[in-house]
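Peer 1: Got run-v6.txt for you, compact mmCIF, C-alpha atoms:
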# COMPACT_ATOMS: atom_id res chain seq x y z
CA MET A 1 -69.45 -46.46 51.88
CA GLU A 2 -67.84 -48.17 48.95
CA ASN A 3 -64.48 -47.17 47.58
CA PRO A 4 -65.05 -44.66 44.71
CA LEU A 5 -62.22 -46.30 42.78
CA LEU A 6 -64.21 -49.51 42.73
CA LEU A 7 -67.33 -47.70 41.58
CA PHE A 8 -65.49 -45.82 38.87
CA PRO A 9 -62.50 -47.95 37.93
CA GLN A 10 -62.24 -46.21 34.58
CA LEU A 11 -61.10 -43.01 36.34
CA ASN A 12 -58.07 -44.78 37.74
CA ILE A 13 -57.25 -46.33 34.40
CA SER A 14 -57.52 -43.11 32.46
CA ALA A 15 -55.48 -41.28 35.08
CA SER A 16 -52.73 -43.87 34.90
CA LYS A 17 -52.83 -43.75 31.11
CA ASP A 18 -52.65 -39.96 31.14
CA LYS A 19 -49.62 -40.05 33.43
CA SER A 20 -47.90 -42.59 31.21
CA TYR A 21 -48.77 -40.61 28.12
CA TYR A 22 -47.32 -37.36 29.50
CA LYS A 23 -44.21 -39.18 30.67
CA VAL A 24 -43.65 -40.56 27.17
CA MET A 25 -44.36 -37.21 25.52
CA LYS A 26 -42.04 -35.44 27.92
CA SER A 27 -39.22 -37.80 27.05
CA VAL A 28 -39.94 -37.38 23.33
CA ILE A 29 -39.87 -33.59 23.62
CA LYS A 30 -36.51 -33.77 25.36
CA GLU A 31 -35.09 -36.11 22.73
CA GLU A 32 -36.32 -34.14 19.68
CA PRO A 33 -34.02 -31.11 20.10
CA HIS A 34 -31.12 -33.48 20.73
CA LYS A 35 -31.85 -35.32 17.51
CA ALA A 36 -32.33 -32.10 15.55
CA SER A 37 -28.94 -30.80 16.66
CA LYS A 38 -27.20 -33.75 15.08
CA PRO A 39 -28.17 -33.91 11.42
CA GLY A 40 -27.57 -37.16 9.64
CA ALA A 41 -24.82 -37.78 7.13
CA LYS A 42 -27.26 -37.43 4.24
CA GLN A 43 -28.46 -34.06 5.50
CA LYS A 44 -24.86 -32.85 5.88
CA ARG A 45 -24.07 -33.90 2.32
CA ASN A 46 -27.10 -32.02 1.02
CA ARG A 47 -26.10 -28.85 2.86
CA LEU A 48 -22.53 -29.10 1.57
CA SER A 49 -23.79 -29.62 -1.98
CA LEU A 50 -25.95 -26.48 -1.75
CA LEU A 51 -23.03 -24.51 -0.33
CA LEU A 52 -20.72 -25.51 -3.16
CA GLN A 53 -23.30 -24.38 -5.69
CA LYS A 54 -23.34 -20.82 -4.35
CA PRO A 55 -21.22 -18.46 -6.50
CA GLU A 56 -19.84 -16.56 -3.51
CA PHE A 57 -18.24 -19.76 -2.23
CA HIS A 58 -15.88 -19.70 -5.22
CA GLU A 59 -15.00 -16.01 -5.17
CA SER A 60 -11.97 -16.55 -2.90
CA ASP A 61 -10.62 -19.59 -4.76
CA HIS A 62 -7.97 -17.55 -6.58
CA LEU A 63 -7.10 -15.13 -3.85
CA GLY A 64 -4.10 -17.11 -2.64
CA LYS A 65 -2.70 -17.99 -6.05
CA PRO A 66 0.30 -16.15 -7.52
CA GLY A 67 -0.47 -13.50 -10.07
CA ASN A 68 -3.86 -12.65 -8.64
CA MET A 69 -4.57 -9.42 -6.83
CA ALA A 70 -7.30 -8.28 -4.57
CA LYS A 71 -10.16 -6.43 -6.14
CA PRO A 72 -8.92 -2.90 -6.87
CA ALA A 73 -10.79 0.17 -5.68
CA SER A 74 -13.08 1.69 -8.29
CA VAL A 75 -11.52 4.60 -10.15
CA SER A 76 -13.61 7.20 -11.96
CA PRO A 77 -12.59 8.31 -15.46
CA GLU A 78 -12.02 11.82 -14.08
CA GLU A 79 -9.48 10.48 -11.56
CA ALA A 80 -7.71 8.44 -14.22
CA VAL A 81 -7.45 11.48 -16.49
CA LYS A 82 -5.68 13.41 -13.72
CA TRP A 83 -2.99 10.70 -13.61
CA GLY A 84 -2.03 11.77 -17.11
CA GLU A 85 -1.31 15.34 -16.02
CA SER A 86 2.03 14.47 -14.42
CA PHE A 87 4.00 11.55 -13.07
CA ASP A 88 4.02 13.14 -9.64
CA LYS A 89 0.20 13.32 -9.69
CA LEU A 90 0.04 9.61 -10.50
CA LEU A 91 2.29 8.60 -7.60
CA SER A 92 0.60 10.94 -5.13
CA GLU A 93 -2.64 8.93 -5.23
CA LYS A 94 -2.82 5.42 -3.81
CA ALA A 95 -4.99 4.07 -6.63
CA GLY A 96 -2.61 5.55 -9.19
CA LEU A 97 0.44 4.14 -7.42
CA ASP A 98 -1.20 0.70 -7.28
CA ALA A 99 -2.13 0.81 -10.96
CA PHE A 100 1.37 1.87 -11.98
CA THR A 101 2.96 -0.82 -9.80
CA LYS A 102 0.75 -3.45 -11.40
CA PHE A 103 1.77 -2.18 -14.84
CA LEU A 104 5.48 -2.37 -13.99
CA LYS A 105 5.02 -5.98 -12.91
CA THR A 106 3.87 -6.80 -16.44
CA GLU A 107 7.16 -5.30 -17.67
CA PHE A 108 9.23 -7.06 -14.98
CA SER A 109 10.55 -3.74 -13.68
CA GLU A 110 8.65 -3.40 -10.42
CA GLU A 111 11.94 -3.05 -8.51
CA ASN A 112 12.06 0.62 -9.57
CA ILE A 113 8.80 1.60 -7.90
CA GLU A 114 9.54 -0.61 -4.90
CA PHE A 115 12.87 1.20 -4.41
CA TRP A 116 11.16 4.57 -4.72
CA ILE A 117 8.54 3.57 -2.11
CA ALA A 118 11.28 2.28 0.24
CA CYS A 119 13.09 5.61 -0.03
CA GLU A 120 9.89 7.52 0.74
CA ASP A 121 9.41 5.40 3.84
CA TYR A 122 13.07 5.90 4.81
CA LYS A 123 12.69 9.69 4.74
CA LYS A 124 9.80 9.43 7.20
CA SER A 125 12.12 8.06 9.92
CA LYS A 126 11.87 10.23 13.03
CA THR A 127 15.10 9.25 14.79
CA ALA A 128 18.68 8.50 13.76
CA HIS A 129 18.33 5.12 15.41
CA GLU A 130 15.78 4.12 12.73
CA LEU A 131 17.97 5.17 9.82
CA LEU A 132 20.77 2.60 10.09
CA PRO A 133 18.73 -0.65 9.81
CA LYS A 134 16.52 0.83 7.08
CA ALA A 135 19.51 2.13 5.11
CA LYS A 136 21.23 -1.25 5.31
CA THR A 137 18.11 -3.08 4.10
CA ILE A 138 17.59 -0.70 1.16
CA PHE A 139 21.24 -0.89 0.13
CA GLU A 140 21.39 -4.69 0.28
CA THR A 141 18.06 -5.12 -1.52
CA PHE A 142 18.31 -2.56 -4.31
CA ILE A 143 21.78 -1.02 -4.70
CA GLN A 144 24.72 -3.29 -3.96
CA LYS A 145 26.12 -5.46 -6.74
CA ASP A 146 23.97 -8.53 -7.50
CA ALA A 147 21.25 -7.34 -5.13
CA PRO A 148 18.01 -9.37 -5.43
CA LYS A 149 16.17 -6.29 -6.80
CA GLU A 150 19.06 -4.25 -8.13
CA VAL A 151 18.00 -0.99 -9.77
CA ASN A 152 19.76 0.62 -12.70
CA LEU A 153 22.17 3.22 -11.28
CA ASP A 154 25.37 4.67 -12.65
CA PHE A 155 28.72 3.88 -11.00
CA HIS A 156 29.20 7.27 -9.31
CA THR A 157 25.72 7.23 -7.73
CA LYS A 158 26.30 3.74 -6.35
CA GLU A 159 29.69 4.71 -4.91
CA ALA A 160 28.42 7.89 -3.30
CA THR A 161 25.49 6.03 -1.75
CA SER A 162 27.58 3.14 -0.43
CA GLN A 163 29.99 5.49 1.37
CA ASN A 164 27.19 6.88 3.51
CA ILE A 165 25.59 3.58 4.53
CA HIS A 166 27.49 3.15 7.83
CA GLN A 167 26.56 6.67 8.96
CA PRO A 168 23.35 7.31 7.02
CA LEU A 169 21.62 10.65 6.79
CA ILE A 170 18.04 11.42 5.89
CA THR A 171 19.34 12.43 2.42
CA THR A 172 21.51 9.34 1.82
CA PHE A 173 19.33 7.93 -0.97
CA ASP A 174 18.14 11.20 -2.53
CA THR A 175 20.43 11.04 -5.57
CA ALA A 176 19.65 7.38 -6.27
CA GLN A 177 15.92 7.92 -5.77
CA ASN A 178 15.87 10.89 -8.14
CA THR A 179 17.72 8.86 -10.77
CA VAL A 180 15.18 6.04 -10.63
CA TYR A 181 12.32 8.55 -10.55
CA ARG A 182 13.50 10.20 -13.79
CA LEU A 183 13.96 6.78 -15.38
CA MET A 184 10.35 5.81 -14.64
CA GLU A 185 9.02 9.24 -15.63
CA GLN A 186 10.74 9.27 -19.01
CA ASP A 187 10.46 5.58 -19.88
CA SER A 188 7.75 3.61 -18.04
CA TYR A 189 5.22 6.39 -17.43
CA PRO A 190 4.57 7.19 -21.13
CA ARG A 191 4.03 3.49 -21.85
CA PHE A 192 1.65 3.26 -18.90
CA LEU A 193 -0.46 6.09 -20.36
CA ARG A 194 -0.67 4.16 -23.65
CA SER A 195 -1.49 0.84 -22.01
CA ASP A 196 -4.91 -0.81 -22.38
CA PRO A 197 -5.63 -0.97 -18.60
CA TYR A 198 -5.14 2.78 -18.26
CA LEU A 199 -7.11 3.64 -21.40
CA ASN A 200 -9.96 1.45 -20.17
CA LEU A 201 -10.04 3.38 -16.91
CA VAL A 202 -10.17 6.69 -18.78
CA LYS A 203 -13.07 5.40 -20.89
CA GLY A 204 -14.90 4.15 -17.81
CA ARG A 205 -14.44 0.49 -18.58
CA ASN A 206 -13.63 -2.14 -15.97
CA PRO A 207 -10.64 -4.15 -17.27
CA ASN A 208 -11.38 -6.94 -14.78
CA ARG A 209 -14.92 -7.47 -16.02
CA PRO A 210 -15.15 -10.04 -18.85
CA THR A 211 -16.85 -8.91 -22.00
CA LEU A 212 -20.25 -10.54 -22.38
CA ARG A 213 -20.78 -12.22 -25.71
CA ARG A 214 -24.30 -12.50 -27.06
CA ARG A 215 -25.14 -16.06 -27.88
CA SER A 216 -26.15 -16.55 -31.48
CA ARG A 217 -29.56 -18.03 -32.14
CA SER A 218 -29.60 -21.50 -33.61
CA PHE A 219 -32.24 -22.23 -36.22
CA THR A 220 -34.42 -25.29 -35.84
CA VAL A 221 -36.60 -27.26 -38.23
CA ASN A 222 -39.69 -25.59 -36.77
CA ASP A 223 -38.44 -22.21 -37.99
CA PHE A 224 -38.84 -23.35 -41.58
CA GLN A 225 -42.23 -25.04 -41.27
CA GLY A 226 -44.79 -23.48 -43.58
CA VAL A 227 -42.16 -21.64 -45.60
CA ARG A 228 -42.31 -22.33 -49.32
CA PRO A 229 -39.11 -22.22 -51.31
CA ASP A 230 -38.81 -19.55 -53.98
CA PHE A 231 -37.35 -21.18 -57.07
CA THR A 232 -37.32 -17.94 -59.04
CA VAL A 233 -33.91 -17.14 -57.65
CA TRP A 234 -32.57 -20.08 -59.59
Translate this file's structure into structure tokens.
Peer 2:
Amino acid sequence: MENPLLLFPQLNISASKDKSYYKVMKSVIKEEPHKASKPGAKQKRNRLSLLLQKPEFHESDHLGKPGNMAKPASVSPEEAVKWGESFDKLLSEKAGLDAFTKFLKTEFSEENIEFWIACEDYKKSKTAHELLPKAKTIFETFIQKDAPKEVNLDFHTKEATSQNIHQPLITTFDTAQNTVYRLMEQDSYPRFLRSDPYLNLVKGRNPNRPTLRRRSRSFTVNDFQGVRPDFTVW
């Protein structure tokens, strides 16, 4: 009996071709994911260009620059109106305290509210061991002569406060804090209530949102085609 491979040689050829074909395809399939995972330089440039065109990519450009603040929490007109009821009401709410602090920065007097906040934190100390380092920091920052953020205090208040620094009590800064509080209440607070940012909040306007200007329509030659001049006006 003759060898079937000799009778049907095409079977052997096609089988060998099929094996070669599958070997090549198998290697191509393995290489394709590897190639896809490494995009070319041109593809990377295109992706970067699309990314730079997205508006959200530029939202954080100014976050690290001086003079810029994080987006403030939304305040309803009703909440803003309550701030005008009393100075204590304004400072009791975080959004109000933040708005007032921002206003004082425009007047270069933010040291007053910073001192008041430091005193509030000082009075929350739970042990006598916490009082001494906090008292020293507050005194050196806001009260002593030529302090970096020296607040406006009379001579007697400064002297009385300085005498208690080495053995501070929970009430050490009460007199100084009350003095600065009255100064802000009688001087800065009324101006804050008259300021544009506050009035915008009361009216429900967002002071950080730019006013949209309607673009004026430009006339073209086509607008006047077919229009006959009226010489009677002459």
Peer 1: Grab the CA of Pro190 in chain A to CA of Thr172 in chain A distance for me, in Å with one decimal place.
Peer 2: 28.6 Å
Peer 1: Measuring between only C-alpha atoms, which one of A:Pro133, A:Asn152, A:Ser188, A:Tyr181 shows the shortest distance to Ile165 in chain A?
Peer 2: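 Of A:Pro133, A:Asn152, A:Ser188, A:Tyr181, the one nearest Ile165 in chain A, counting only C-alpha atoms, is A:Pro133.
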Peer 1: To one decimal place, how far is CA of Tyr122 in chain A from CA of Lys134 in chain A in Å?
Peer 2: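 Between CA of Tyr122 in chain A and CA of Lys134 in chain A the gap works out to 6.5 Å.
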Peer 1: Within 12 Å of His129 in chain A, counting only C-alpha atoms, which residues qualify if same-chain residues fewer than 3 places away don't, as a PyMOL selection string?
Peer 2: chain A and resi 122+125-126+132-135+167-170
Peer 1: When you count all atoms listed in the file, which of these residues is closest to Ile117 in chain A: A:Ala160, A:Val180, A:Leu153, A:Val75?
Peer 2: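 Comparing A:Ala160, A:Val180, A:Leu153, A:Val75 against Ile117 in chain A, the winner is A:Val180.
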Peer 1: Glu114 in chain A: which residues within 10 Å, counting all atoms listed in the file, same-chain residues fewer than 5 positions away excluded, as JSON, numbers by chain?
Peer 2: {"A": [101, 109, 119, 120, 142, 149, 151]}
Peer 1: Expressed in Å to a single decimal, how great is the separation between CA of Ser195 in chain A and CA of Ala80 in chain A?
Peer 2: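 Distance reported for this atom pair: 12.5 Å.
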